[in-house]
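S.K.: Following this line is input02.cif, made up of mmCIF, C-alpha atoms:
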data_run
#
loop_
_atom_site.label_atom_id
_atom_site.label_comp_id
_atom_site.auth_asym_id
_atom_site.auth_seq_id
_atom_site.Cartn_x
_atom_site.Cartn_y
_atom_site.Cartn_z
CA MET A 1 16.03 -8.26 2.57
CA LEU A 2 13.50 -6.28 0.55
CA HIS A 3 13.83 -6.25 -3.22
CA LEU A 4 12.59 -3.18 -5.03
CA LYS A 5 10.49 -4.86 -7.69
CA ASN A 6 10.22 -4.29 -11.37
CA HIS A 7 7.04 -2.21 -11.27
CA ALA A 8 6.46 0.16 -14.15
CA ASP A 9 7.18 3.18 -11.96
CA THR A 10 10.43 1.92 -10.45
CA GLU A 11 11.53 0.69 -13.88
CA ASP A 12 10.86 4.16 -15.34
CA ILE A 13 12.95 5.83 -12.67
CA PHE A 14 15.81 3.36 -12.93
CA GLN A 15 15.91 3.70 -16.70
CA THR A 16 15.67 7.51 -16.63
CA VAL A 17 18.37 7.88 -14.00
CA PHE A 18 20.85 5.46 -15.53
CA LEU A 19 20.25 6.80 -19.04
CA LYS A 20 21.01 10.32 -17.81
CA TYR A 21 24.05 8.90 -16.11
CA VAL A 22 25.54 7.16 -19.14
CA LEU A 23 24.75 10.09 -21.43
CA SER A 24 25.86 12.81 -19.04
CA SER A 25 28.84 14.92 -20.02
CA VAL A 26 29.68 15.73 -16.42
CA SER A 27 33.24 14.91 -15.45
CA PHE A 28 33.01 13.70 -11.91
CA GLU A 29 35.80 14.91 -9.67
CA SER A 30 35.41 12.06 -7.21
CA GLU A 31 33.19 9.16 -6.22
CA GLU A 32 31.40 11.45 -3.77
CA HIS A 33 30.70 13.96 -6.51
CA GLU A 34 29.35 11.20 -8.75
CA ARG A 35 27.14 9.84 -5.98
CA ALA A 36 25.76 13.30 -5.14
CA TRP A 37 24.95 13.90 -8.83
CA PHE A 38 23.25 10.52 -8.98
CA ILE A 39 21.18 11.18 -5.86
CA ARG A 40 20.04 14.57 -7.12
CA VAL A 41 18.90 13.09 -10.46
CA THR A 42 17.08 10.26 -8.66
CA ILE A 43 15.30 12.68 -6.30
CA ASN A 44 14.14 14.80 -9.24
CA SER A 45 12.90 11.72 -11.13
CA CYS A 46 10.96 10.57 -8.07
CA ARG A 47 9.43 14.01 -7.64
CA ASP A 48 8.36 13.97 -11.31
CA LEU A 49 6.77 10.55 -10.83
CA ILE A 50 4.94 11.66 -7.69
CA ARG A 51 3.53 14.67 -9.53
CA SER A 52 2.32 12.47 -12.41
CA PHE A 53 1.04 9.93 -9.89
CA PHE A 54 -1.36 12.48 -8.45
CA ARG A 55 -2.46 13.49 -11.92
CA SER A 56 -3.15 9.96 -13.10
CA HIS A 57 -3.99 8.04 -9.90
CA THR A 58 -3.43 4.83 -11.80
CA VAL A 59 -0.26 3.41 -10.26
CA SER A 60 -0.70 0.23 -8.30
CA LEU A 61 2.07 -0.17 -5.77
CA ASP A 62 0.73 -2.70 -3.32
CA GLU A 63 3.12 -5.59 -3.69
CA VAL A 64 6.29 -3.94 -2.52
CA MET A 65 5.20 -3.55 1.06
CA GLU A 66 3.96 -7.13 1.12
CA GLN A 67 7.61 -8.07 0.76
CA ALA A 68 8.43 -5.91 3.73
CA ALA A 69 6.91 -8.71 5.79
CA GLU A 70 10.08 -10.66 4.98
CA LEU A 71 12.27 -8.09 6.71
CA PRO A 72 13.23 -8.54 10.35
CA GLU A 73 10.57 -7.02 12.62
CA ASP A 74 12.95 -4.28 13.87
CA ASP A 75 13.88 -3.14 10.36
CA ARG A 76 10.27 -3.19 9.23
CA GLU A 77 9.27 -1.04 12.18
CA VAL A 78 11.98 1.51 11.35
CA LEU A 79 11.15 1.57 7.63
CA GLU A 80 7.45 1.97 8.30
CA ALA A 81 8.16 4.82 10.70
CA VAL A 82 10.33 6.56 8.10
CA LEU A 83 7.85 5.92 5.28
CA SER A 84 4.94 7.24 7.30
CA LEU A 85 6.64 10.67 7.42
CA PRO A 86 5.59 13.28 4.86
CA GLN A 87 7.78 13.28 1.74
CA LYS A 88 9.79 16.40 2.66
CA TYR A 89 10.92 14.68 5.87
CA ARG A 90 11.65 11.33 4.22
CA GLU A 91 14.09 12.94 1.82
CA VAL A 92 16.17 14.57 4.54
CA VAL A 93 16.00 11.54 6.83
CA TYR A 94 17.33 9.32 4.07
CA LEU A 95 20.05 11.78 3.04
CA HIS A 96 21.17 12.53 6.59
CA TYR A 97 20.83 9.19 8.37
CA TYR A 98 21.59 6.81 5.53
CA GLU A 99 23.82 8.77 3.19
CA GLY A 100 25.47 10.72 6.01
CA TYR A 101 25.15 14.14 4.40
CA THR A 102 25.28 17.26 6.57
CA ALA A 103 22.53 19.90 6.51
CA PRO A 104 24.53 22.27 4.22
CA GLU A 105 25.24 19.37 1.82
CA ILE A 106 21.56 18.36 1.81
CA SER A 107 20.51 21.95 1.14
CA ARG A 108 22.62 21.93 -2.04
CA LEU A 109 21.31 18.51 -3.10
CA ILE A 110 17.63 19.34 -2.78
CA ASP A 111 17.83 23.07 -3.52
CA LYS A 112 16.53 24.21 -0.16
CA ASN A 113 17.73 26.82 2.27
CA VAL A 114 20.07 25.33 4.89
CA ASN A 115 17.89 26.65 7.73
CA THR A 116 14.91 24.88 6.18
CA VAL A 117 16.92 21.65 6.16
CA TYR A 118 17.80 22.07 9.84
CA THR A 119 14.11 22.60 10.59
CA LEU A 120 13.13 19.55 8.56
CA LEU A 121 15.73 17.42 10.34
CA THR A 122 14.63 18.60 13.78
CA ARG A 123 10.97 17.99 13.03
CA SER A 124 11.60 14.58 11.49
CA ARG A 125 13.68 13.62 14.54
CA GLN A 126 10.72 14.54 16.77
CA LEU A 127 8.29 12.57 14.63
CA LEU A 128 10.54 9.50 14.54
CA ARG A 129 11.01 9.70 18.29
CA GLU A 130 7.22 9.66 18.71
CA ARG A 131 6.82 6.73 16.33
CA LEU A 132 9.75 4.72 17.64
CA GLU A 133 9.87 5.14 21.36
CA GLY A 134 13.02 4.12 23.18
CA TYR A 135 15.69 4.93 20.60
CA GLU A 136 18.41 7.54 20.84
CA LEU A 137 18.36 9.97 17.93
CA MET B 1 21.77 0.69 18.82
CA SER B 2 21.21 4.36 17.94
CA MET B 3 18.46 5.49 15.61
CA ASN B 4 21.12 6.48 13.10
CA ASP B 5 22.39 2.89 13.00
CA ARG B 6 18.86 1.49 12.96
CA ILE B 7 17.91 3.51 9.90
CA LYS B 8 21.13 2.53 8.12
CA LYS B 9 20.57 -1.13 8.90
CA ALA B 10 16.93 -1.01 7.74
CA PHE B 11 17.79 0.66 4.44
CA ASP B 12 20.70 -1.74 3.93
CA GLY B 13 18.06 -4.44 3.55
CA ILE B 14 16.65 -2.85 0.39
CA HIS B 15 17.99 -4.03 -2.94
CA ALA B 16 16.95 -3.78 -6.55
CA GLU B 17 15.40 -6.95 -7.94
CA ALA B 18 17.67 -8.71 -10.47
CA GLU B 19 14.99 -8.40 -13.15
CA LEU B 20 14.86 -4.64 -12.63
CA VAL B 21 18.64 -4.39 -13.05
CA GLU B 22 18.62 -6.60 -16.17
CA LYS B 23 15.79 -4.63 -17.79
CA THR B 24 17.56 -1.35 -17.09
CA GLU B 25 20.75 -2.73 -18.58
CA SER B 26 19.07 -3.88 -21.79
CA PHE B 27 17.17 -0.57 -21.99
CA LEU B 28 20.48 1.31 -21.80
CA CYS B 29 22.06 -0.92 -24.44
CA GLN B 30 19.13 -0.26 -26.75
CA LYS B 31 19.04 3.48 -26.15
CA THR B 32 22.76 4.03 -26.49
CA GLY B 33 23.44 1.55 -29.28
CA ASN B 34 25.39 -0.71 -26.99
CA TYR B 35 27.00 2.36 -25.42
CA GLY B 36 28.13 3.71 -28.78
CA ILE B 37 29.89 0.52 -29.82
CA ALA B 38 27.23 -0.65 -32.27
CA SER B 39 25.65 1.61 -34.84
CA SER B 40 22.12 2.66 -33.98
CA ALA B 41 19.64 5.18 -35.29
CA GLU B 42 19.02 6.26 -31.70
CA VAL B 43 22.63 7.29 -31.07
CA LYS B 44 22.68 10.91 -31.98
CA VAL B 45 24.82 11.97 -29.05
CA LYS B 46 28.40 11.35 -28.24
CA PRO B 47 29.24 7.74 -27.33
CA ALA B 48 27.90 7.05 -23.88
CA LYS B 49 29.90 5.97 -20.87
CA PRO B 50 30.23 2.18 -21.01
CA ILE B 51 28.34 0.79 -18.06
CA ALA B 52 27.91 -2.72 -16.74
CA LEU B 53 25.34 -2.27 -14.08
CA ASN B 54 26.67 -4.95 -11.81
CA ARG B 55 29.87 -2.96 -11.47
CA TYR B 56 27.84 -0.06 -10.21
CA ALA B 57 26.40 -1.88 -7.25
CA LYS B 58 26.70 1.15 -4.99
CA LEU B 59 24.75 3.39 -7.35
CA ILE B 60 22.09 0.74 -7.90
CA SER B 61 21.74 0.28 -4.18
CA ALA B 62 21.51 4.06 -3.64
CA ALA B 63 18.83 4.34 -6.34
CA ALA B 64 16.83 1.47 -4.83
CA CYS B 65 16.95 2.93 -1.32
CA LEU B 66 16.19 6.44 -2.47
CA ILE B 67 13.27 5.38 -4.64
CA PHE B 68 11.93 3.38 -1.72
CA ALA B 69 12.29 6.34 0.64
CA MET B 70 10.70 8.75 -1.83
CA LEU B 71 7.83 6.58 -2.98
CA GLY B 72 7.41 4.34 0.04
CA GLY B 73 4.91 6.64 1.70
CA TYR B 74 2.61 6.16 -1.25
CA TRP B 75 3.11 2.42 -1.13
CA LEU B 76 2.17 2.52 2.53
CA TYR B 77 -0.84 4.66 1.81
CA PHE B 78 -2.11 2.42 -0.95
CA THR B 79 -1.57 -0.86 0.86
CA PRO B 80 -4.75 -2.17 2.52
CA THR B 81 -4.24 -3.43 6.06
CA VAL B 82 -7.87 -4.22 6.89
CA GLU B 83 -10.79 -5.26 4.68
CA ILE B 84 -14.44 -4.71 5.49
CA SER B 85 -16.96 -6.88 3.68
CA MET B 86 -20.59 -5.78 3.72
CA ASP B 87 -23.26 -8.21 2.58
CA ILE B 88 -27.02 -7.86 2.67
CA ASN B 89 -27.93 -8.40 -0.88
CA PRO B 90 -25.53 -5.81 -2.26
CA SER B 91 -22.17 -7.43 -1.70
CA ILE B 92 -19.12 -5.19 -1.41
CA GLU B 93 -15.65 -5.01 0.10
CA LEU B 94 -13.81 -1.93 1.31
CA GLY B 95 -10.01 -1.87 1.58
CA VAL B 96 -8.78 0.25 4.50
CA ASN B 97 -5.19 1.46 4.84
CA ARG B 98 -3.17 1.91 8.02
CA PHE B 99 -4.40 5.50 8.19
CA ASP B 100 -8.03 4.27 8.39
CA ARG B 101 -8.84 5.55 4.91
CA ILE B 102 -10.78 3.67 2.25
CA ILE B 103 -8.38 2.98 -0.61
CA SER B 104 -10.32 0.37 -2.58
CA VAL B 105 -13.97 -0.48 -3.17
CA SER B 106 -15.11 -3.68 -4.88
CA SER B 107 -18.55 -5.03 -5.68
CA TYR B 108 -19.40 -8.72 -5.95
CA ASN B 109 -22.87 -8.63 -7.48
CA ASP B 110 -25.07 -6.31 -9.55
CA ASP B 111 -26.69 -4.73 -6.50
CA GLY B 112 -23.27 -4.07 -5.01
CA ARG B 113 -22.17 -2.42 -8.25
CA GLU B 114 -25.29 -0.22 -8.23
CA LEU B 115 -24.71 0.76 -4.62
CA LEU B 116 -21.08 1.76 -5.20
CA ASP B 117 -22.04 3.70 -8.33
CA GLU B 118 -24.26 5.90 -6.19
CA LEU B 119 -21.56 6.64 -3.61
CA ASP B 120 -18.25 8.43 -3.59
CA ILE B 121 -16.49 6.91 -0.60
CA LYS B 122 -12.92 6.34 -1.77
CA TYR B 123 -10.34 8.08 0.46
CA LEU B 124 -12.93 8.78 3.17
CA GLY B 125 -12.35 7.58 6.71
CA TYR B 126 -13.89 4.13 6.99
CA MET B 127 -16.53 5.20 9.52
CA ASP B 128 -17.76 7.99 7.25
CA ALA B 129 -17.84 5.52 4.37
CA VAL B 130 -19.79 2.90 6.33
CA ASN B 131 -22.25 5.54 7.52
CA GLN B 132 -22.84 6.71 3.96
CA ILE B 133 -23.50 3.11 2.93
CA LEU B 134 -25.91 2.53 5.81
CA GLU B 135 -27.76 5.74 5.05
CA ASN B 136 -28.17 4.90 1.37
CA GLU B 137 -31.84 4.73 0.47
CA ASN B 138 -31.75 1.17 -0.87
CA MET B 139 -29.79 -0.06 2.15
CA GLN B 140 -32.30 1.59 4.47
CA ALA B 141 -35.15 -0.12 2.62
CA LEU B 142 -33.42 -3.51 2.95
CA LEU B 143 -32.65 -3.02 6.64
CA TYR B 144 -36.20 -1.97 7.44
CA GLY B 145 -37.45 -4.87 5.30
CA GLU B 146 -35.96 -7.27 7.85
CA GLU B 147 -32.97 -8.26 5.75
CA ASP B 148 -29.71 -9.12 7.50
CA LEU B 149 -26.57 -7.08 6.99
CA VAL B 150 -23.36 -8.96 7.79
CA ILE B 151 -20.29 -6.80 8.21
CA GLY B 152 -17.05 -8.79 8.28
CA VAL B 153 -13.66 -7.41 9.31
CA PHE B 154 -10.42 -9.16 8.42
CA GLY B 155 -6.89 -8.21 7.54
CA ALA B 156 -3.16 -8.39 8.01
CA ASP B 157 -3.14 -6.01 10.95
CA GLY B 158 -4.88 -7.78 13.83
CA GLU B 159 -4.76 -4.82 16.19
CA GLN B 160 -6.25 -2.45 13.62
CA SER B 161 -8.87 -5.07 12.68
CA ASP B 162 -9.95 -5.26 16.33
CA GLU B 163 -10.21 -1.47 16.49
CA VAL B 164 -12.25 -1.35 13.28
CA LEU B 165 -14.60 -4.04 14.60
CA LYS B 166 -15.05 -2.14 17.86
CA SER B 167 -15.89 1.10 16.03
CA LEU B 168 -18.31 -0.66 13.69
CA GLU B 169 -20.04 -2.37 16.60
CA ALA B 170 -20.41 0.98 18.38
CA CYS B 171 -21.78 2.59 15.22
CA THR B 172 -24.22 -0.15 14.26
CA GLY B 173 -25.40 -1.22 17.70
CA GLY B 174 -29.16 -0.87 17.93
CA ARG B 175 -29.56 -0.14 14.25
CA GLY B 176 -31.37 -3.37 13.44
CA ASN B 177 -30.37 -6.55 11.73
CA ILE B 178 -26.69 -5.80 11.56
CA TYR B 179 -24.18 -8.48 12.51
CA CYS B 180 -20.53 -7.45 12.94
CA GLN B 181 -17.98 -10.25 12.74
CA ARG B 182 -14.20 -10.48 12.97
CA TYR B 183 -12.80 -13.11 10.60
CA GLN B 184 -9.42 -14.80 10.71
CA ALA B 185 -8.85 -15.07 6.98
CA THR B 186 -5.91 -16.55 5.11
CA ALA B 187 -4.71 -15.11 1.79
CA SER B 188 -5.67 -18.34 -0.02
CA GLU B 189 -9.21 -18.22 1.38
CA ILE B 190 -9.62 -14.60 0.29
CA ASN B 191 -8.27 -15.42 -3.18
CA GLU B 192 -10.63 -18.38 -3.44
CA ALA B 193 -13.61 -16.21 -2.44
CA HIS B 194 -12.77 -13.64 -5.09
CA ARG B 195 -12.10 -16.34 -7.68
CA LEU B 196 -15.66 -17.57 -7.07
CA GLY B 197 -16.94 -14.01 -7.46
CA LEU B 198 -17.91 -13.68 -3.79
CA SER B 199 -16.98 -11.19 -1.11
CA TYR B 200 -15.15 -12.83 1.76
CA GLY B 201 -18.14 -12.39 4.08
CA ARG B 202 -20.46 -14.08 1.62
CA TYR B 203 -17.85 -16.78 0.99
CA ARG B 204 -17.87 -17.64 4.70
CA ALA B 205 -21.66 -18.01 4.59
CA TYR B 206 -21.31 -20.09 1.41
CA MET B 207 -18.81 -22.45 3.06
CA GLU B 208 -21.10 -22.86 6.07
CA LEU B 209 -24.08 -23.62 3.87
CA LYS B 210 -22.00 -25.93 1.66
CA SER B 211 -21.08 -28.05 4.67
CA LEU B 212 -24.82 -28.68 5.13
CA ASP B 213 -25.82 -28.75 1.46
CA PRO B 214 -22.86 -29.86 -0.71
CA GLY B 215 -24.87 -29.26 -3.89
CA ILE B 216 -25.06 -25.49 -3.41
CA ALA B 217 -23.22 -23.49 -6.11
CA PRO B 218 -21.49 -20.11 -5.68
CA GLU B 219 -23.65 -18.69 -8.50
CA GLU B 220 -26.73 -19.51 -6.43
CA ILE B 221 -25.32 -17.76 -3.38
CA ARG B 222 -24.20 -14.62 -5.20
CA ASP B 223 -27.64 -13.06 -5.56
CA MET B 224 -29.37 -14.50 -2.50
CA THR B 225 -29.91 -12.13 0.40
CA MET B 226 -27.90 -12.86 3.52
CA ARG B 227 -31.20 -13.39 5.29
CA GLU B 228 -32.08 -16.18 2.86
CA ILE B 229 -28.65 -17.79 3.26
CA ARG B 230 -28.78 -17.59 7.03
CA ASP B 231 -32.34 -18.95 7.13
CA ARG B 232 -31.33 -21.89 4.97
CA ILE B 233 -28.33 -22.60 7.20
CA ALA B 234 -30.57 -22.45 10.27
CA ARG B 235 -33.14 -24.77 8.70
CA LEU B 236 -30.58 -27.37 7.55
CA SER B 237 -28.63 -27.33 10.80
CA GLY B 238 -31.79 -27.50 12.88
CA LYS B 239 -30.74 -24.38 14.77
CA GLU B 240 -33.28 -21.82 15.79
CA ILE B 241 -33.88 -19.14 13.17
CA PRO B 242 -33.17 -15.75 14.71
CA SER B 243 -36.13 -13.47 15.14
CA ALA B 244 -37.00 -11.39 12.13
CA GLY B 245 -38.48 -8.77 14.37
CA GLY B 246 -36.23 -6.11 13.05
CA ARG B 247 -34.57 -4.75 16.20
CA ARG B 248 -31.98 -7.38 16.89
CA TYR B 249 -28.28 -7.01 16.93
CA ARG B 250 -25.51 -9.44 17.66
CA GLY B 251 -21.85 -8.54 17.67
CA GLY B 252 -19.18 -11.21 17.82
CA ARG B 253 -16.11 -12.80 16.46
CA GLY B 254 -15.98 -15.42 13.76
CA SER B 255 -13.55 -18.30 14.09
#
Could you show the structure in this file as structure tokens?

M.R.:
Amino acid sequence: MLHLKNHADTEDIFQTVFLKYVLSSVSFESEEHERAWFIRVTINSCRDLIRSFFRSHTVSLDEVMEQAAELPEDDREVLEAVLSLPQKYREVVYLHYYEGYTAPEISRLIDKNVNTVYTLLTRSRQLLRERLEGYEL
Amino acid sequence: MSMNDRIKKAFDGIHAEAELVEKTESFLCQKTGNYGIASSAEVKVKPAKPIALNRYAKLISAAACLIFAMLGGYWLYFTPTVEISMDINPSIELGVNRFDRIISVSSYNDDGRELLDELDIKYLGYMDAVNQILENENMQALLYGEEDLVIGVFGADGEQSDEVLKSLEACTGGRGNIYCQRYQATASEINEAHRLGLSYGRYRAYMELKSLDPGIAPEEIRDMTMREIRDRIARLSGKEIPSAGGRRYRGGRGS
């Protein structure tokens, strides 16, 4: 198990996202709707942090991956393969493979053309296949 | 198991630390005036949705996984997997990430600080960085002045460390008094070296000398040249002092 630690950056995102959540006036139609809203807000907060990260270059994020050593070897290998992808691929990999969203759903969540999402998914599949030989995608 | 299942399983292992959840909860209480129950100067909006974070385990878990997926690439990039220590008299360490880029530079004496001030090697490939260091005017003067340069390679990734050593040996072979070594270093040894204000390479030389001369202090070692340290070790151990003829090279692996 890997615990996302209480670094300043993760704390900022958690606080921003949950504050938006408790103060939001959106009436969620279903659990799925609520989760999709939550994911979209989290993605935007992460993107904001990444932009500020490249402006400031001051964030120290070393310790989290040290904990990855505690994960089973297989899981670590998969996570490292996913994390080594460029950001645009990581987003769609997470949303498709972990959250189970389809390409049209992902396109609405991340405000991208559905064809672009299909392309991103195809390319990320190729890259993961190269990095993790021997698995069916 | 399919890749789909593998990715799900791997992300299932990611959770938010309890402290992170607690801090978020108290932050929300403060910002919303206990979710609108208590009076607070900060509550200028409608009463917020009551939220007990533990009841929202699924959302917390989604946030943790998503943040990890979004930011993890940067964590990977900024995590050193191999360290290169370079000691002659300037004493420095270079942190190398899994993409073979320099992500940290540290100096362990005044000469090391001066050397790094003159260079801009962060984010370069490690070979380019090492070449820039070797071509620095002061380093050239030291190397041609028969001083010894010890380059030590150590790190969490054994395979990458071996590759780095091989590349450094190929690059420095025939360039004079340059000794490339592969160290098996533990985290506590590295911490101890840095606590004493020494690079790990210099710390290894210090420990070797200390076994022969228990009175030697780290402060003494810090500003000695590696040549002086190695000569003293050779003298005390009765081993032959390597030739100072200037064109020698010895690659190898430390224990």

S.K.: Which of these residues is nearest to Ala156 of chain B, using all atoms listed in the file: B:Leu59, B:Ile102, B:Ala185, B:Cys65?

M.R.: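 Looking at the shortest contact to Ala156 of chain B, the residue is B:Ala185.
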
S.K.: Give me the residues near Arg227 of chain B as a list in words, where near means some atom within 7 Å (using all atoms listed in the file) and where sequence neighbours in that chain fewer than 3 positions away do not count.

M.R.: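 Those residues are Glu147, Asp148, Arg230 and Asp231 of chain B.
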
S.K.: Could the residues of chain B within 9 Å of chain A, counting only C-alpha atoms, be given as a PDB file with C-alpha atoms, keeping the file's coordinate frame, please?

M.R.:
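Output file iface16.pdb is given in full below:
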ATOM      1  CA  MET B   1      21.770   0.690  18.820  1.00  0.00           C
ATOM      2  CA  SER B   2      21.210   4.360  17.940  1.00  0.00           C
ATOM      3  CA  MET B   3      18.460   5.490  15.610  1.00  0.00           C
ATOM      4  CA  ASN B   4      21.120   6.480  13.100  1.00  0.00           C
ATOM      5  CA  ASP B   5      22.390   2.890  13.000  1.00  0.00           C
ATOM      6  CA  ARG B   6      18.860   1.490  12.960  1.00  0.00           C
ATOM      7  CA  ILE B   7      17.910   3.510   9.900  1.00  0.00           C
ATOM      8  CA  LYS B   8      21.130   2.530   8.120  1.00  0.00           C
ATOM      9  CA  LYS B   9      20.570  -1.130   8.900  1.00  0.00           C
ATOM     10  CA  ALA B  10      16.930  -1.010   7.740  1.00  0.00           C
ATOM     11  CA  PHE B  11      17.790   0.660   4.440  1.00  0.00           C
ATOM     12  CA  ASP B  12      20.700  -1.740   3.930  1.00  0.00           C
ATOM     13  CA  GLY B  13      18.060  -4.440   3.550  1.00  0.00           C
ATOM     14  CA  ILE B  14      16.650  -2.850   0.390  1.00  0.00           C
ATOM     15  CA  HIS B  15      17.990  -4.030  -2.940  1.00  0.00           C
ATOM     16  CA  ALA B  16      16.950  -3.780  -6.550  1.00  0.00           C
ATOM     17  CA  GLU B  17      15.400  -6.950  -7.940  1.00  0.00           C
ATOM     18  CA  ALA B  18      17.670  -8.710 -10.470  1.00  0.00           C
ATOM     19  CA  GLU B  19      14.990  -8.400 -13.150  1.00  0.00           C
ATOM     20  CA  LEU B  20      14.860  -4.640 -12.630  1.00  0.00           C
ATOM     21  CA  VAL B  21      18.640  -4.390 -13.050  1.00  0.00           C
ATOM     22  CA  LYS B  23      15.790  -4.630 -17.790  1.00  0.00           C
ATOM     23  CA  THR B  24      17.560  -1.350 -17.090  1.00  0.00           C
ATOM     24  CA  GLU B  25      20.750  -2.730 -18.580  1.00  0.00           C
ATOM     25  CA  PHE B  27      17.170  -0.570 -21.990  1.00  0.00           C
ATOM     26  CA  LEU B  28      20.480   1.310 -21.800  1.00  0.00           C
ATOM     27  CA  LYS B  31      19.040   3.480 -26.150  1.00  0.00           C
ATOM     28  CA  THR B  32      22.760   4.030 -26.490  1.00  0.00           C
ATOM     29  CA  TYR B  35      27.000   2.360 -25.420  1.00  0.00           C
ATOM     30  CA  VAL B  45      24.820  11.970 -29.050  1.00  0.00           C
ATOM     31  CA  LYS B  46      28.400  11.350 -28.240  1.00  0.00           C
ATOM     32  CA  PRO B  47      29.240   7.740 -27.330  1.00  0.00           C
ATOM     33  CA  ALA B  48      27.900   7.050 -23.880  1.00  0.00           C
ATOM     34  CA  LYS B  49      29.900   5.970 -20.870  1.00  0.00           C
ATOM     35  CA  PRO B  50      30.230   2.180 -21.010  1.00  0.00           C
ATOM     36  CA  ILE B  51      28.340   0.790 -18.060  1.00  0.00           C
ATOM     37  CA  LYS B  58      26.700   1.150  -4.990  1.00  0.00           C
ATOM     38  CA  LEU B  59      24.750   3.390  -7.350  1.00  0.00           C
ATOM     39  CA  ILE B  60      22.090   0.740  -7.900  1.00  0.00           C
ATOM     40  CA  ALA B  62      21.510   4.060  -3.640  1.00  0.00           C
ATOM     41  CA  ALA B  63      18.830   4.340  -6.340  1.00  0.00           C
ATOM     42  CA  ALA B  64      16.830   1.470  -4.830  1.00  0.00           C
ATOM     43  CA  CYS B  65      16.950   2.930  -1.320  1.00  0.00           C
ATOM     44  CA  LEU B  66      16.190   6.440  -2.470  1.00  0.00           C
ATOM     45  CA  ILE B  67      13.270   5.380  -4.640  1.00  0.00           C
ATOM     46  CA  PHE B  68      11.930   3.380  -1.720  1.00  0.00           C
ATOM     47  CA  ALA B  69      12.290   6.340   0.640  1.00  0.00           C
ATOM     48  CA  MET B  70      10.700   8.750  -1.830  1.00  0.00           C
ATOM     49  CA  LEU B  71       7.830   6.580  -2.980  1.00  0.00           C
ATOM     50  CA  GLY B  72       7.410   4.340   0.040  1.00  0.00           C
ATOM     51  CA  GLY B  73       4.910   6.640   1.700  1.00  0.00           C
ATOM     52  CA  TYR B  74       2.610   6.160  -1.250  1.00  0.00           C
ATOM     53  CA  TRP B  75       3.110   2.420  -1.130  1.00  0.00           C
ATOM     54  CA  LEU B  76       2.170   2.520   2.530  1.00  0.00           C
ATOM     55  CA  TYR B  77      -0.840   4.660   1.810  1.00  0.00           C
ATOM     56  CA  PHE B  78      -2.110   2.420  -0.950  1.00  0.00           C
ATOM     57  CA  THR B  79      -1.570  -0.860   0.860  1.00  0.00           C
ATOM     58  CA  PRO B  80      -4.750  -2.170   2.520  1.00  0.00           C
TER      59      PRO B  80
END

S.K.: Can you measure atom CA of Glu220 of chain B to atom CA of Val82 of chain B for me? One decimal in Å is fine.

M.R.: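 A separation of 27.7 Å between them.
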
S.K.: Once the PyMOL selection byres ((chain B and resi 85) around 7) has been evaluated on this model, what residues remain selected, and can you format them as number ranges by chain?

M.R.: B: 83-84, 86-87, 92-94, 151-153, 199-201

S.K.: Could you give me, as a PyMOL selection string, the residues within 12 Å of Asp111 of chain A, counting all atoms listed in the file and dropping anything in the same chain fewer than 4 positions from it?

M.R.: chain A and resi 40+43-44+92+103-107+115-117

S.K.: Write the selection just made, keeping C-alpha atoms, as a PDB file, in the coordinates of the input?

M.R.:
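selection_0.pdb, freshly written:
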ATOM      1  CA  ARG A  40      20.040  14.570  -7.120  1.00  0.00           C
ATOM      2  CA  ILE A  43      15.300  12.680  -6.300  1.00  0.00           C
ATOM      3  CA  ASN A  44      14.140  14.800  -9.240  1.00  0.00           C
ATOM      4  CA  VAL A  92      16.170  14.570   4.540  1.00  0.00           C
ATOM      5  CA  ALA A 103      22.530  19.900   6.510  1.00  0.00           C
ATOM      6  CA  PRO A 104      24.530  22.270   4.220  1.00  0.00           C
ATOM      7  CA  GLU A 105      25.240  19.370   1.820  1.00  0.00           C
ATOM      8  CA  ILE A 106      21.560  18.360   1.810  1.00  0.00           C
ATOM      9  CA  SER A 107      20.510  21.950   1.140  1.00  0.00           C
ATOM     10  CA  ASN A 115      17.890  26.650   7.730  1.00  0.00           C
ATOM     11  CA  THR A 116      14.910  24.880   6.180  1.00  0.00           C
ATOM     12  CA  VAL A 117      16.920  21.650   6.160  1.00  0.00           C
TER      13      VAL A 117
END

S.K.: Would you place a box with edges along x, y and z of the file around all atoms of segment 160-168 of chain B listed there, add 8 Å to each of its six sides, and report the centre and edge lengths in Å to one decimal, as JSON?

M.R.:
{"center_x": -12.3, "center_y": -2.1, "center_z": 15.3, "size_x": 28.1, "size_y": 22.4, "size_z": 21.2}

S.K.: May I ask for the distance between atom CA of Glu146 of chain B and atom CA of Ala234 of chain B, given in Å to one decimal place?

M.R.: 16.3 Å

S.K.: Please, which residues are within 12 Å of (-8.5, 12.3, 4.4) by the file's coordinates, counting all atoms listed in the file, and could they come as a ChimeraX atom specification?

M.R.: /B:77,97,99-103,121-129

S.K.: One number please: atom CA of Glu22 of chain B to atom CA of Glu73 of chain A, in Å, one decimal.

M.R.: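 A separation of 29.9 Å between them.
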
S.K.: Using the chain letters and numbers from the file, which residues does the PyMOL selection byres ((chain B and resi 189-196) around 10) grab, as a list of chain:residue names?

M.R.: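 Evaluating the PyMOL selection byres ((chain B and resi 189-196) around 10) on this file yields B:Tyr108, B:Phe154, B:Gln184, B:Ala185, B:Thr186, B:Ala187, B:Ser188, B:Gly197, B:Leu198, B:Ser199, B:Tyr200, B:Gly201, B:Arg202, B:Tyr203, B:Arg204, B:Tyr206, B:Met207, B:Ala217, B:Pro218, B:Glu219, B:Arg222.
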
S.K.: Using all atoms listed in the file, can you tell me which of B:Gly145, B:Gly158, B:Gly112, B:Gly215 comes closest to Ile133 of chain B?

M.R.: B:Gly112
